[in-house]
file protein.pdb (PDB, C-alpha atoms and all ligand atoms)
MODEL        1
ATOM      1  CA  MET B1059     -55.014 -42.751-168.204  1.00  0.00           C
ATOM      2  CA  GLU B1060     -52.549 -40.057-169.075  1.00  0.00           C
ATOM      3  CA  PHE B1061     -53.744 -36.509-169.463  1.00  0.00           C
ATOM      4  CA  ASN B1062     -52.306 -33.091-169.008  1.00  0.00           C
ATOM      5  CA  LYS B1063     -53.457 -31.354-165.856  1.00  0.00           C
ATOM      6  CA  GLU B1064     -51.207 -28.408-166.547  1.00  0.00           C
ATOM      7  CA  GLN B1065     -53.027 -26.983-169.524  1.00  0.00           C
ATOM      8  CA  LYS B1066     -53.523 -23.312-168.933  1.00  0.00           C
ATOM      9  CA  ILE B1067     -57.273 -23.334-169.251  1.00  0.00           C
ATOM     10  CA  ILE B1068     -59.047 -21.155-166.747  1.00  0.00           C
ATOM     11  CA  GLY B1069     -62.726 -21.352-165.847  1.00  0.00           C
ATOM     12  CA  ILE B1070     -64.532 -18.135-164.911  1.00  0.00           C
ATOM     13  CA  ARG B1071     -67.842 -18.749-163.129  1.00  0.00           C
ATOM     14  CA  VAL B1072     -70.547 -16.287-164.106  1.00  0.00           C
ATOM     15  CA  LEU B1073     -74.343 -15.913-163.861  1.00  0.00           C
ATOM     16  CA  SER B1074     -75.922 -18.735-161.867  1.00  0.00           C
ATOM     17  CA  ASP B1075     -73.987 -21.708-163.226  1.00  0.00           C
ATOM     18  CA  ASN B1076     -72.174 -20.746-166.452  1.00  0.00           C
ATOM     19  CA  ILE B1077     -68.460 -21.238-166.942  1.00  0.00           C
ATOM     20  CA  ILE B1078     -66.480 -19.180-169.442  1.00  0.00           C
ATOM     21  CA  TRP B1079     -63.341 -21.032-170.482  1.00  0.00           C
ATOM     22  CA  LEU B1080     -60.199 -19.082-171.250  1.00  0.00           C
ATOM     23  CA  TRP B1081     -57.128 -20.758-172.745  1.00  0.00           C
ATOM     24  CA  LYS B1082     -53.888 -18.844-172.737  1.00  0.00           C
ATOM     25  CA  LYS B1083     -50.588 -19.419-174.429  1.00  0.00           C
ATOM     26  CA  ASN B1084     -47.718 -16.944-174.155  1.00  0.00           C
ATOM     27  CA  ASN B1085     -49.496 -13.599-174.523  1.00  0.00           C
ATOM     28  CA  SER B1086     -52.472 -14.860-176.520  1.00  0.00           C
ATOM     29  CA  ALA B1087     -55.821 -16.129-175.295  1.00  0.00           C
ATOM     30  CA  VAL B1088     -58.893 -17.849-176.668  1.00  0.00           C
ATOM     31  CA  VAL B1089     -62.245 -17.576-174.926  1.00  0.00           C
ATOM     32  CA  VAL B1090     -65.155 -19.991-175.259  1.00  0.00           C
ATOM     33  CA  ASP B1091     -68.794 -18.847-174.955  1.00  0.00           C
ATOM     34  CA  PRO B1092     -68.416 -15.566-173.075  1.00  0.00           C
ATOM     35  CA  ALA B1093     -71.768 -15.172-171.342  1.00  0.00           C
ATOM     36  CA  VAL B1094     -70.619 -11.791-170.053  1.00  0.00           C
ATOM     37  CA  SER B1095     -67.614  -9.597-170.802  1.00  0.00           C
ATOM     38  CA  GLN B1096     -66.481  -7.854-167.631  1.00  0.00           C
ATOM     39  CA  PRO B1097     -64.602 -10.614-165.755  1.00  0.00           C
ATOM     40  CA  VAL B1098     -63.001 -11.720-169.035  1.00  0.00           C
ATOM     41  CA  ILE B1099     -61.795  -8.202-169.844  1.00  0.00           C
ATOM     42  CA  GLU B1100     -60.442  -7.826-166.314  1.00  0.00           C
ATOM     43  CA  TYR B1101     -58.584 -11.124-166.444  1.00  0.00           C
ATOM     44  CA  LEU B1102     -57.111 -10.512-169.908  1.00  0.00           C
ATOM     45  CA  LYS B1103     -55.957  -7.006-169.034  1.00  0.00           C
ATOM     46  CA  ALA B1104     -54.521  -7.972-165.657  1.00  0.00           C
ATOM     47  CA  ASN B1105     -52.465 -10.659-167.402  1.00  0.00           C
ATOM     48  CA  ASN B1106     -51.525  -8.613-170.500  1.00  0.00           C
ATOM     49  CA  LEU B1107     -53.192 -11.091-172.808  1.00  0.00           C
ATOM     50  CA  ASN B1108     -54.299 -10.447-176.375  1.00  0.00           C
ATOM     51  CA  LEU B1109     -57.657 -12.006-177.190  1.00  0.00           C
ATOM     52  CA  VAL B1110     -57.158 -13.786-180.525  1.00  0.00           C
ATOM     53  CA  ALA B1111     -60.396 -15.766-180.808  1.00  0.00           C
ATOM     54  CA  ILE B1112     -63.853 -16.194-179.333  1.00  0.00           C
ATOM     55  CA  LEU B1113     -65.351 -19.632-179.957  1.00  0.00           C
ATOM     56  CA  GLN B1114     -69.146 -19.803-179.973  1.00  0.00           C
ATOM     57  CA  THR B1115     -70.763 -23.192-179.593  1.00  0.00           C
ATOM     58  CA  HIS B1116     -74.330 -21.906-180.088  1.00  0.00           C
ATOM     59  CA  HIS B1117     -76.485 -18.803-180.057  1.00  0.00           C
ATOM     60  CA  HIS B1118     -78.038 -18.815-176.553  1.00  0.00           C
ATOM     61  CA  SER B1119     -77.609 -15.493-174.764  1.00  0.00           C
ATOM     62  CA  ASP B1120     -75.728 -17.069-171.855  1.00  0.00           C
ATOM     63  CA  HIS B1121     -73.042 -18.040-174.398  1.00  0.00           C
ATOM     64  CA  ILE B1122     -72.759 -14.953-176.590  1.00  0.00           C
ATOM     65  CA  GLY B1123     -73.780 -12.167-174.185  1.00  0.00           C
ATOM     66  CA  GLY B1124     -70.255 -10.786-173.691  1.00  0.00           C
ATOM     67  CA  THR B1125     -68.939 -11.157-177.225  1.00  0.00           C
ATOM     68  CA  LYS B1126     -69.678  -7.686-178.629  1.00  0.00           C
ATOM     69  CA  LYS B1127     -67.998  -5.889-175.742  1.00  0.00           C
ATOM     70  CA  LEU B1128     -64.953  -8.126-176.041  1.00  0.00           C
ATOM     71  CA  GLU B1129     -64.750  -7.313-179.744  1.00  0.00           C
ATOM     72  CA  LYS B1130     -64.800  -3.620-178.877  1.00  0.00           C
ATOM     73  CA  GLU B1131     -61.719  -4.091-176.691  1.00  0.00           C
ATOM     74  CA  TRP B1132     -59.925  -6.425-179.132  1.00  0.00           C
ATOM     75  CA  PRO B1133     -61.176  -5.390-182.612  1.00  0.00           C
ATOM     76  CA  ASN B1134     -59.043  -7.980-184.453  1.00  0.00           C
ATOM     77  CA  VAL B1135     -60.496 -10.920-182.557  1.00  0.00           C
ATOM     78  CA  LYS B1136     -61.767 -13.843-184.645  1.00  0.00           C
ATOM     79  CA  ILE B1137     -65.351 -14.649-183.691  1.00  0.00           C
ATOM     80  CA  VAL B1138     -65.833 -18.268-184.719  1.00  0.00           C
ATOM     81  CA  ALA B1139     -69.387 -19.584-185.046  1.00  0.00           C
ATOM     82  CA  SER B1140     -71.520 -21.897-187.141  1.00  0.00           C
ATOM     83  CA  ALA B1141     -72.177 -20.594-190.648  1.00  0.00           C
ATOM     84  CA  LYS B1142     -75.789 -21.709-190.097  1.00  0.00           C
ATOM     85  CA  GLU B1143     -76.180 -19.075-187.357  1.00  0.00           C
ATOM     86  CA  LYS B1144     -75.430 -15.886-189.277  1.00  0.00           C
ATOM     87  CA  SER B1145     -78.712 -14.349-188.166  1.00  0.00           C
ATOM     88  CA  ARG B1146     -78.620 -15.469-184.512  1.00  0.00           C
ATOM     89  CA  ILE B1147     -74.854 -14.864-184.108  1.00  0.00           C
ATOM     90  CA  PRO B1148     -74.603 -11.898-186.501  1.00  0.00           C
ATOM     91  CA  PHE B1149     -71.225 -10.643-185.254  1.00  0.00           C
ATOM     92  CA  GLN B1150     -69.378 -13.813-186.301  1.00  0.00           C
ATOM     93  CA  ASN B1151     -66.457 -13.065-188.633  1.00  0.00           C
ATOM     94  CA  LEU B1152     -65.138 -16.591-189.112  1.00  0.00           C
ATOM     95  CA  SER B1153     -68.030 -18.838-190.117  1.00  0.00           C
ATOM     96  CA  VAL B1154     -67.372 -22.557-189.861  1.00  0.00           C
ATOM     97  CA  LYS B1155     -69.045 -25.885-190.574  1.00  0.00           C
ATOM     98  CA  ASP B1156     -68.637 -29.503-189.499  1.00  0.00           C
ATOM     99  CA  GLY B1157     -65.148 -30.804-190.289  1.00  0.00           C
ATOM    100  CA  ASP B1158     -63.503 -27.407-190.727  1.00  0.00           C
ATOM    101  CA  LYS B1159     -60.006 -27.088-189.338  1.00  0.00           C
ATOM    102  CA  LEU B1160     -58.507 -24.001-187.727  1.00  0.00           C
ATOM    103  CA  GLN B1161     -55.154 -23.166-186.251  1.00  0.00           C
ATOM    104  CA  LEU B1162     -55.329 -21.622-182.755  1.00  0.00           C
ATOM    105  CA  LEU B1163     -52.690 -21.280-180.030  1.00  0.00           C
ATOM    106  CA  ASP B1164     -50.375 -23.369-182.265  1.00  0.00           C
ATOM    107  CA  LYS B1165     -52.826 -26.261-182.218  1.00  0.00           C
ATOM    108  CA  GLU B1166     -55.112 -27.748-184.827  1.00  0.00           C
ATOM    109  CA  VAL B1167     -58.750 -27.283-183.948  1.00  0.00           C
ATOM    110  CA  GLN B1168     -61.485 -29.298-185.581  1.00  0.00           C
ATOM    111  CA  VAL B1169     -65.098 -28.159-185.732  1.00  0.00           C
ATOM    112  CA  ILE B1170     -67.547 -30.950-184.877  1.00  0.00           C
ATOM    113  CA  GLU B1171     -71.258 -30.354-185.407  1.00  0.00           C
ATOM    114  CA  VAL B1172     -73.227 -31.747-182.451  1.00  0.00           C
ATOM    115  CA  ILE B1173     -76.854 -30.819-183.006  1.00  0.00           C
ATOM    116  CA  GLY B1174     -79.801 -31.496-180.717  1.00  0.00           C
ATOM    117  CA  HIS B1175     -79.660 -28.758-178.067  1.00  0.00           C
ATOM    118  CA  THR B1176     -79.966 -26.329-180.978  1.00  0.00           C
ATOM    119  CA  LYS B1177     -80.185 -27.033-184.689  1.00  0.00           C
ATOM    120  CA  SER B1178     -76.601 -25.924-185.345  1.00  0.00           C
ATOM    121  CA  HIS B1179     -74.619 -26.461-182.130  1.00  0.00           C
ATOM    122  CA  ILE B1180     -70.889 -27.005-182.729  1.00  0.00           C
ATOM    123  CA  ALA B1181     -67.985 -28.183-180.588  1.00  0.00           C
ATOM    124  CA  PHE B1182     -64.287 -27.365-180.833  1.00  0.00           C
ATOM    125  CA  TYR B1183     -61.830 -30.241-180.663  1.00  0.00           C
ATOM    126  CA  PHE B1184     -58.181 -29.355-180.052  1.00  0.00           C
ATOM    127  CA  LYS B1185     -56.185 -32.231-181.496  1.00  0.00           C
ATOM    128  CA  ASP B1186     -53.200 -33.023-179.368  1.00  0.00           C
ATOM    129  CA  LYS B1187     -51.406 -35.722-177.427  1.00  0.00           C
ATOM    130  CA  PHE B1188     -53.744 -34.507-174.690  1.00  0.00           C
ATOM    131  CA  PRO B1189     -56.876 -33.593-176.642  1.00  0.00           C
ATOM    132  CA  VAL B1190     -59.329 -30.993-175.413  1.00  0.00           C
ATOM    133  CA  LEU B1191     -62.988 -30.619-176.366  1.00  0.00           C
ATOM    134  CA  PHE B1192     -65.149 -27.560-175.745  1.00  0.00           C
ATOM    135  CA  ILE B1193     -68.636 -29.012-175.916  1.00  0.00           C
ATOM    136  CA  GLY B1194     -70.920 -26.112-174.888  1.00  0.00           C
ATOM    137  CA  ASP B1195     -74.365 -27.389-173.862  1.00  0.00           C
ATOM    138  CA  THR B1196     -74.297 -30.775-175.630  1.00  0.00           C
ATOM    139  CA  LEU B1197     -72.714 -32.831-172.858  1.00  0.00           C
ATOM    140  CA  PHE B1198     -72.442 -32.125-169.139  1.00  0.00           C
ATOM    141  CA  SER B1199     -70.763 -34.223-166.519  1.00  0.00           C
ATOM    142  CA  ALA B1200     -73.299 -36.982-165.733  1.00  0.00           C
ATOM    143  CA  GLY B1201     -75.818 -35.335-168.059  1.00  0.00           C
ATOM    144  CA  CYS B1202     -76.476 -33.970-171.522  1.00  0.00           C
ATOM    145  CA  GLY B1203     -78.087 -30.848-172.931  1.00  0.00           C
ATOM    146  CA  ARG B1204     -81.810 -30.403-173.233  1.00  0.00           C
ATOM    147  CA  VAL B1205     -83.099 -31.066-176.728  1.00  0.00           C
ATOM    148  CA  PHE B1206     -84.614 -27.686-177.631  1.00  0.00           C
ATOM    149  CA  GLU B1207     -84.462 -27.492-181.416  1.00  0.00           C
ATOM    150  CA  GLY B1208     -83.317 -30.866-182.646  1.00  0.00           C
ATOM    151  CA  THR B1209     -84.578 -34.399-182.176  1.00  0.00           C
ATOM    152  CA  TYR B1210     -83.586 -37.064-179.679  1.00  0.00           C
ATOM    153  CA  LYS B1211     -82.061 -38.963-182.580  1.00  0.00           C
ATOM    154  CA  GLN B1212     -79.841 -36.007-183.482  1.00  0.00           C
ATOM    155  CA  MET B1213     -78.703 -35.624-179.879  1.00  0.00           C
ATOM    156  CA  TYR B1214     -78.037 -39.362-179.603  1.00  0.00           C
ATOM    157  CA  ASN B1215     -75.909 -39.219-182.758  1.00  0.00           C
ATOM    158  CA  SER B1216     -74.056 -36.162-181.452  1.00  0.00           C
ATOM    159  CA  LEU B1217     -73.153 -38.043-178.278  1.00  0.00           C
ATOM    160  CA  LYS B1218     -71.920 -40.925-180.446  1.00  0.00           C
ATOM    161  CA  LYS B1219     -69.501 -38.534-182.150  1.00  0.00           C
ATOM    162  CA  ILE B1220     -68.118 -37.580-178.731  1.00  0.00           C
ATOM    163  CA  LYS B1221     -67.753 -41.253-177.742  1.00  0.00           C
ATOM    164  CA  ASP B1222     -65.616 -41.827-180.837  1.00  0.00           C
ATOM    165  CA  LEU B1223     -62.991 -39.319-179.689  1.00  0.00           C
ATOM    166  CA  PRO B1224     -59.821 -40.541-177.925  1.00  0.00           C
ATOM    167  CA  LYS B1225     -60.610 -41.677-174.387  1.00  0.00           C
ATOM    168  CA  ASN B1226     -58.103 -39.251-172.888  1.00  0.00           C
ATOM    169  CA  THR B1227     -60.020 -36.251-174.269  1.00  0.00           C
ATOM    170  CA  LEU B1228     -60.522 -33.661-171.567  1.00  0.00           C
ATOM    171  CA  ILE B1229     -64.013 -32.204-171.908  1.00  0.00           C
ATOM    172  CA  TYR B1230     -65.038 -28.666-170.978  1.00  0.00           C
ATOM    173  CA  CYS B1231     -68.770 -27.948-170.850  1.00  0.00           C
ATOM    174  CA  ALA B1232     -70.471 -24.609-170.243  1.00  0.00           C
ATOM    175  CA  HIS B1233     -72.474 -25.275-167.075  1.00  0.00           C
ATOM    176  CA  GLU B1234     -71.778 -26.504-163.565  1.00  0.00           C
ATOM    177  CA  TYR B1235     -74.615 -29.038-163.334  1.00  0.00           C
ATOM    178  CA  THR B1236     -72.566 -32.020-162.179  1.00  0.00           C
ATOM    179  CA  ARG B1237     -73.974 -32.524-158.686  1.00  0.00           C
ATOM    180  CA  ALA B1238     -77.624 -32.256-159.735  1.00  0.00           C
ATOM    181  CA  ASN B1239     -76.989 -34.641-162.640  1.00  0.00           C
ATOM    182  CA  LEU B1240     -75.343 -37.193-160.364  1.00  0.00           C
ATOM    183  CA  LEU B1241     -78.292 -37.096-157.952  1.00  0.00           C
ATOM    184  CA  TRP B1242     -80.629 -37.797-160.856  1.00  0.00           C
ATOM    185  CA  ALA B1243     -78.426 -40.660-162.103  1.00  0.00           C
ATOM    186  CA  LEU B1244     -78.188 -42.152-158.635  1.00  0.00           C
ATOM    187  CA  ASN B1245     -81.959 -42.109-158.361  1.00  0.00           C
ATOM    188  CA  LEU B1246     -82.115 -44.313-161.456  1.00  0.00           C
ATOM    189  CA  GLU B1247     -79.152 -46.498-160.512  1.00  0.00           C
ATOM    190  CA  PRO B1248     -78.952 -46.427-156.705  1.00  0.00           C
ATOM    191  CA  LYS B1249     -76.370 -49.218-156.593  1.00  0.00           C
ATOM    192  CA  ASN B1250     -73.962 -47.732-159.109  1.00  0.00           C
ATOM    193  CA  LYS B1251     -70.631 -47.497-157.254  1.00  0.00           C
ATOM    194  CA  SER B1252     -68.927 -45.270-159.835  1.00  0.00           C
ATOM    195  CA  ILE B1253     -71.687 -42.663-159.566  1.00  0.00           C
ATOM    196  CA  LYS B1254     -71.578 -42.777-155.750  1.00  0.00           C
ATOM    197  CA  LYS B1255     -67.814 -42.312-155.778  1.00  0.00           C
ATOM    198  CA  LYS B1256     -68.062 -39.428-158.234  1.00  0.00           C
ATOM    199  CA  LEU B1257     -70.718 -37.722-156.089  1.00  0.00           C
ATOM    200  CA  ILE B1258     -68.393 -37.815-153.075  1.00  0.00           C
ATOM    201  CA  GLU B1259     -65.548 -36.327-155.137  1.00  0.00           C
ATOM    202  CA  VAL B1260     -67.801 -33.646-156.566  1.00  0.00           C
ATOM    203  CA  GLU B1261     -69.192 -32.636-153.172  1.00  0.00           C
ATOM    204  CA  LYS B1262     -65.644 -32.240-151.863  1.00  0.00           C
ATOM    205  CA  LYS B1263     -64.780 -29.963-154.774  1.00  0.00           C
ATOM    206  CA  ILE B1264     -67.928 -27.907-154.327  1.00  0.00           C
ATOM    207  CA  ALA B1265     -67.182 -27.481-150.608  1.00  0.00           C
ATOM    208  CA  LEU B1266     -63.751 -26.123-151.589  1.00  0.00           C
ATOM    209  CA  LYS B1267     -65.403 -23.831-154.168  1.00  0.00           C
ATOM    210  CA  GLU B1268     -63.622 -25.657-156.974  1.00  0.00           C
ATOM    211  CA  LEU B1269     -65.080 -26.422-160.389  1.00  0.00           C
ATOM    212  CA  THR B1270     -66.091 -30.036-161.053  1.00  0.00           C
ATOM    213  CA  ILE B1271     -65.178 -29.579-164.729  1.00  0.00           C
ATOM    214  CA  PRO B1272     -63.288 -30.510-166.922  1.00  0.00           C
ATOM    215  CA  PHE B1273     -63.839 -34.255-167.033  1.00  0.00           C
ATOM    216  CA  LEU B1274     -62.083 -37.052-168.844  1.00  0.00           C
ATOM    217  CA  LEU B1275     -64.054 -38.950-171.498  1.00  0.00           C
ATOM    218  CA  GLU B1276     -62.929 -42.337-170.166  1.00  0.00           C
ATOM    219  CA  GLU B1277     -64.114 -41.510-166.637  1.00  0.00           C
ATOM    220  CA  GLU B1278     -67.322 -39.982-167.917  1.00  0.00           C
ATOM    221  CA  MET B1279     -68.214 -43.165-169.800  1.00  0.00           C
ATOM    222  CA  LYS B1280     -68.569 -44.892-166.403  1.00  0.00           C
ATOM    223  CA  ILE B1281     -70.968 -42.414-164.818  1.00  0.00           C
ATOM    224  CA  ASN B1282     -72.889 -40.694-167.617  1.00  0.00           C
ATOM    225  CA  LEU B1283     -76.064 -42.657-168.327  1.00  0.00           C
ATOM    226  CA  PHE B1284     -76.608 -40.769-171.595  1.00  0.00           C
ATOM    227  CA  LEU B1285     -73.172 -41.790-172.909  1.00  0.00           C
ATOM    228  CA  ARG B1286     -73.770 -45.344-171.763  1.00  0.00           C
ATOM    229  CA  ALA B1287     -77.090 -45.634-173.608  1.00  0.00           C
ATOM    230  CA  ASP B1288     -76.310 -47.876-176.573  1.00  0.00           C
ATOM    231  CA  ASN B1289     -79.532 -47.405-178.504  1.00  0.00           C
ATOM    232  CA  LEU B1290     -81.905 -44.574-179.318  1.00  0.00           C
ATOM    233  CA  ASN B1291     -84.770 -45.953-177.207  1.00  0.00           C
ATOM    234  CA  GLY B1292     -82.582 -46.130-174.121  1.00  0.00           C
ATOM    235  CA  PHE B1293     -81.341 -42.609-174.720  1.00  0.00           C
ATOM    236  CA  SER B1294     -84.867 -41.264-175.321  1.00  0.00           C
ATOM    237  CA  PHE B1295     -86.148 -42.784-172.082  1.00  0.00           C
ATOM    238  CA  LEU B1296     -83.324 -41.141-170.139  1.00  0.00           C
ATOM    239  CA  ARG B1297     -83.766 -37.738-171.778  1.00  0.00           C
ATOM    240  CA  ALA B1298     -87.530 -37.728-171.174  1.00  0.00           C
ATOM    241  CA  ASN B1299     -87.037 -38.914-167.590  1.00  0.00           C
ATOM    242  CA  LYS B1300     -84.479 -36.173-166.898  1.00  0.00           C
ATOM    243  CA  ASP B1301     -86.819 -33.514-168.286  1.00  0.00           C
ATOM    244  CA  THR B1302     -89.382 -34.351-165.622  1.00  0.00           C
ATOM    245  CA  TRP B1303     -86.843 -34.520-162.806  1.00  0.00           C
ATOM    246  CA  VAL B1304     -86.923 -31.580-160.418  1.00  0.00           C
TER     247      VAL B1304
HETATM  248 ZN    ZN B1401     -77.742 -23.433-174.493  1.00  0.00          ZN
ENDMDL
END
call {"tool": "encode", "arguments": {"input": "protein.pdb", "output": "structure tokens"}}
result
Amino acid sequence: MEFNKEQKIIGIRVLSDNIIWLWKKNNSAVVVDPAVSQPVIEYLKANNLNLVAILQTHHHSDHIGGTKKLEKEWPNVKIVASAKEKSRIPFQNLSVKDGDKLQLLDKEVQVIEVIGHTKSHIAFYFKDKFPVLFIGDTLFSAGCGRVFEGTYKQMYNSLKKIKDLPKNTLIYCAHEYTRANLLWALNLEPKNKSIKKKLIEVEKKIALKELTIPFLLEEEMKINLFLRADNLNGFSFLRANKDTWV
């Protein structure tokens, strides 16, 4: 599977397990779900980067907490968020809906609504030979987001939308939950060789203080039980089981 490892997307670890993604091209940068502002401001200034857009996948405070301070530093920044969240993301200045297309960093970006975690969660799909998806809290490596505001059916359908993307899509989620998710999956499928192999890889990365994200859709299809569920009942069992897992 061919994918581009050289994309200049940087992950900044903040809070307990959040990752802020920062994509730079020439002297411009786009930031996804800035939980906090300070490390982002420091990075952008140290690298003489102009912040052109902040992409918000949903309204949770560990995704929007740094946005206002970033806007203060870069007043022309586009703050892209779901038009359905004008009250919970009030500082948005570019309101979008499912299917909308934007132009960012010379690439076409498509907005994909993926509800379930919240009632209006969106993802940003950068169409390219090597496509990139910023998925927020809808999908994690070996896991998926908790269903807070939507229904299991909505979440199941959102995951289906992700499965329909090209298999070489590189996926960036907002939390480093990979190891815990793999341990849960292995508990359900103790003989699954792909999950065992992935756990070894992930533990190596963690020991080196590296991020375990992004992940490739094709690889994820082998180890993510939620993506592998091919009917709503199967998905619902998994989601309910995971909710009780400690
Ligand atoms: Zn969330």
call {"tool": "residues_near_point", "arguments": {"input": "protein.pdb", "point": "(-56.1, -24.2, -180.4)", "cutoff": "9 Å", "atoms": "only C-alpha atoms", "output": "ChimeraX atom specification"}}
result
/B:1081,1088,1160-1167,1182-1185
call {"tool": "write_last_selection", "arguments": {"input": "protein.pdb", "atoms": "C-alpha atoms", "output": "compact mmCIF listing (two decimals), keeping the file's coordinate frame"}}
result
# COMPACT_ATOMS: atom_id res chain seq x y z
CA TRP B 1081 -57.13 -20.76 -172.74
CA VAL B 1088 -58.89 -17.85 -176.67
CA LEU B 1160 -58.51 -24.00 -187.73
CA GLN B 1161 -55.15 -23.17 -186.25
CA LEU B 1162 -55.33 -21.62 -182.76
CA LEU B 1163 -52.69 -21.28 -180.03
CA ASP B 1164 -50.38 -23.37 -182.26
CA LYS B 1165 -52.83 -26.26 -182.22
CA GLU B 1166 -55.11 -27.75 -184.83
CA VAL B 1167 -58.75 -27.28 -183.95
CA PHE B 1182 -64.29 -27.36 -180.83
CA TYR B 1183 -61.83 -30.24 -180.66
CA PHE B 1184 -58.18 -29.36 -180.05
CA LYS B 1185 -56.18 -32.23 -181.50
call {"tool": "closest_residue", "arguments": {"input": "protein.pdb", "among": "B:Thr1196, B:Thr1236, B:Asn1299, B:Gln1212", "to": "ligand ZN 1401 (chain B)", "atoms": "all atoms listed in the file"}}
result
B:Thr1196
call {"tool": "atom_distance", "arguments": {"input": "protein.pdb", "atom1": "CA of His1175 (chain B)", "atom2": "CA of Val1205 (chain B)"}}
result
4.4 Å
call {"tool": "residues_near_ligand", "arguments": {"input": "protein.pdb", "ligand": "ligand ZN 1401 (chain B)", "cutoff": "8 Å", "atoms": "all atoms listed in the file", "output": "list in words"}}
result
His1116, His1117, His1118, Ser1119, Asp1120, His1121, His1175, Thr1176, Gly1194, Asp1195 and Gly1203 of chain B
call {"tool": "resolve_selection", "arguments": {"input": "protein.pdb", "expression": "the PyMOL selection byres (((chain B and resi 1170-1173) around 12) and not hetatm)", "output": "VMD selection string"}}
result
chain B and resid 1115 to 1116 1139 to 1142 1154 to 1160 1167 to 1169 1174 to 1185 1191 to 1197 1202 to 1223
call {"tool": "write_last_selection", "arguments": {"input": "protein.pdb", "atoms": "C-alpha atoms", "output": "tab-separated table (two decimals), keeping the file's coordinate frame"}}
result
chain	number	residue	atom	x	y	z
B	1115	THR	CA	-70.76	-23.19	-179.59
B	1116	HIS	CA	-74.33	-21.91	-180.09
B	1139	ALA	CA	-69.39	-19.58	-185.05
B	1140	SER	CA	-71.52	-21.90	-187.14
B	1141	ALA	CA	-72.18	-20.59	-190.65
B	1142	LYS	CA	-75.79	-21.71	-190.10
B	1154	VAL	CA	-67.37	-22.56	-189.86
B	1155	LYS	CA	-69.04	-25.88	-190.57
B	1156	ASP	CA	-68.64	-29.50	-189.50
B	1157	GLY	CA	-65.15	-30.80	-190.29
B	1158	ASP	CA	-63.50	-27.41	-190.73
B	1159	LYS	CA	-60.01	-27.09	-189.34
B	1160	LEU	CA	-58.51	-24.00	-187.73
B	1167	VAL	CA	-58.75	-27.28	-183.95
B	1168	GLN	CA	-61.48	-29.30	-185.58
B	1169	VAL	CA	-65.10	-28.16	-185.73
B	1174	GLY	CA	-79.80	-31.50	-180.72
B	1175	HIS	CA	-79.66	-28.76	-178.07
B	1176	THR	CA	-79.97	-26.33	-180.98
B	1177	LYS	CA	-80.18	-27.03	-184.69
B	1178	SER	CA	-76.60	-25.92	-185.34
B	1179	HIS	CA	-74.62	-26.46	-182.13
B	1180	ILE	CA	-70.89	-27.00	-182.73
B	1181	ALA	CA	-67.98	-28.18	-180.59
B	1182	PHE	CA	-64.29	-27.36	-180.83
B	1183	TYR	CA	-61.83	-30.24	-180.66
B	1184	PHE	CA	-58.18	-29.36	-180.05
B	1185	LYS	CA	-56.18	-32.23	-181.50
B	1191	LEU	CA	-62.99	-30.62	-176.37
B	1192	PHE	CA	-65.15	-27.56	-175.74
B	1193	ILE	CA	-68.64	-29.01	-175.92
B	1194	GLY	CA	-70.92	-26.11	-174.89
B	1195	ASP	CA	-74.36	-27.39	-173.86
B	1196	THR	CA	-74.30	-30.78	-175.63
B	1197	LEU	CA	-72.71	-32.83	-172.86
B	1202	CYS	CA	-76.48	-33.97	-171.52
B	1203	GLY	CA	-78.09	-30.85	-172.93
B	1204	ARG	CA	-81.81	-30.40	-173.23
B	1205	VAL	CA	-83.10	-31.07	-176.73
B	1206	PHE	CA	-84.61	-27.69	-177.63
B	1207	GLU	CA	-84.46	-27.49	-181.42
B	1208	GLY	CA	-83.32	-30.87	-182.65
B	1209	THR	CA	-84.58	-34.40	-182.18
B	1210	TYR	CA	-83.59	-37.06	-179.68
B	1211	LYS	CA	-82.06	-38.96	-182.58
B	1212	GLN	CA	-79.84	-36.01	-183.48
B	1213	MET	CA	-78.70	-35.62	-179.88
B	1214	TYR	CA	-78.04	-39.36	-179.60
B	1215	ASN	CA	-75.91	-39.22	-182.76
B	1216	SER	CA	-74.06	-36.16	-181.45
B	1217	LEU	CA	-73.15	-38.04	-178.28
B	1218	LYS	CA	-71.92	-40.92	-180.45
B	1219	LYS	CA	-69.50	-38.53	-182.15
B	1220	ILE	CA	-68.12	-37.58	-178.73
B	1221	LYS	CA	-67.75	-41.25	-177.74
B	1222	ASP	CA	-65.62	-41.83	-180.84
B	1223	LEU	CA	-62.99	-39.32	-179.69
call {"tool": "closest_residue", "arguments": {"input": "protein.pdb", "among": "B:Val1260, B:Leu1266, B:Ile1229, B:Leu1244", "to": "Glu1278 (chain B)", "atoms": "only C-alpha atoms"}}
result
B:Ile1229
call {"tool": "residues_around", "arguments": {"input": "protein.pdb", "residues": "Ile1077 (chain B)", "least_positions_apart": "3", "cutoff": "7 Å", "atoms": "all atoms listed in the file", "output": "ChimeraX atom specification"}}
result
/B:1069-1072,1232-1233
call {"tool": "atom_distance", "arguments": {"input": "protein.pdb", "atom1": "CA of Ala1287 (chain B)", "atom2": "CA of Tyr1230 (chain B)"}}
result
21.0 Å
call {"tool": "atom_distance", "arguments": {"input": "protein.pdb", "atom1": "CA of Ile1078 (chain B)", "atom2": "CA of Ile1137 (chain B)"}}
result
15.0 Å
call {"tool": "residues_around", "arguments": {"input": "protein.pdb", "residues": "Val1098 (chain B)", "least_positions_apart": "3", "cutoff": "10 Å", "atoms": "all atoms listed in the file", "output": "PyMOL selection string"}}
result
chain B and resi 1070+1078-1080+1089+1092-1095+1101-1104+1109+1124+1128
call {"tool": "axis_aligned_box", "arguments": {"input": "protein.pdb", "around": "region 1267-1276 of chain B", "padding_each_side": "4 Å", "output": "JSON"}}
result
{"center_x": -64.1, "center_y": -33.1, "center_z": -162.8, "size_x": 12.0, "size_y": 26.5, "size_z": 25.3}
call {"tool": "closest_residue", "arguments": {"input": "protein.pdb", "among": "B:Pro1189, B:Pro1133, B:Gly1292, B:Pro1148", "to": "Phe1273 (chain B)", "atoms": "only C-alpha atoms"}}
result
B:Pro1189
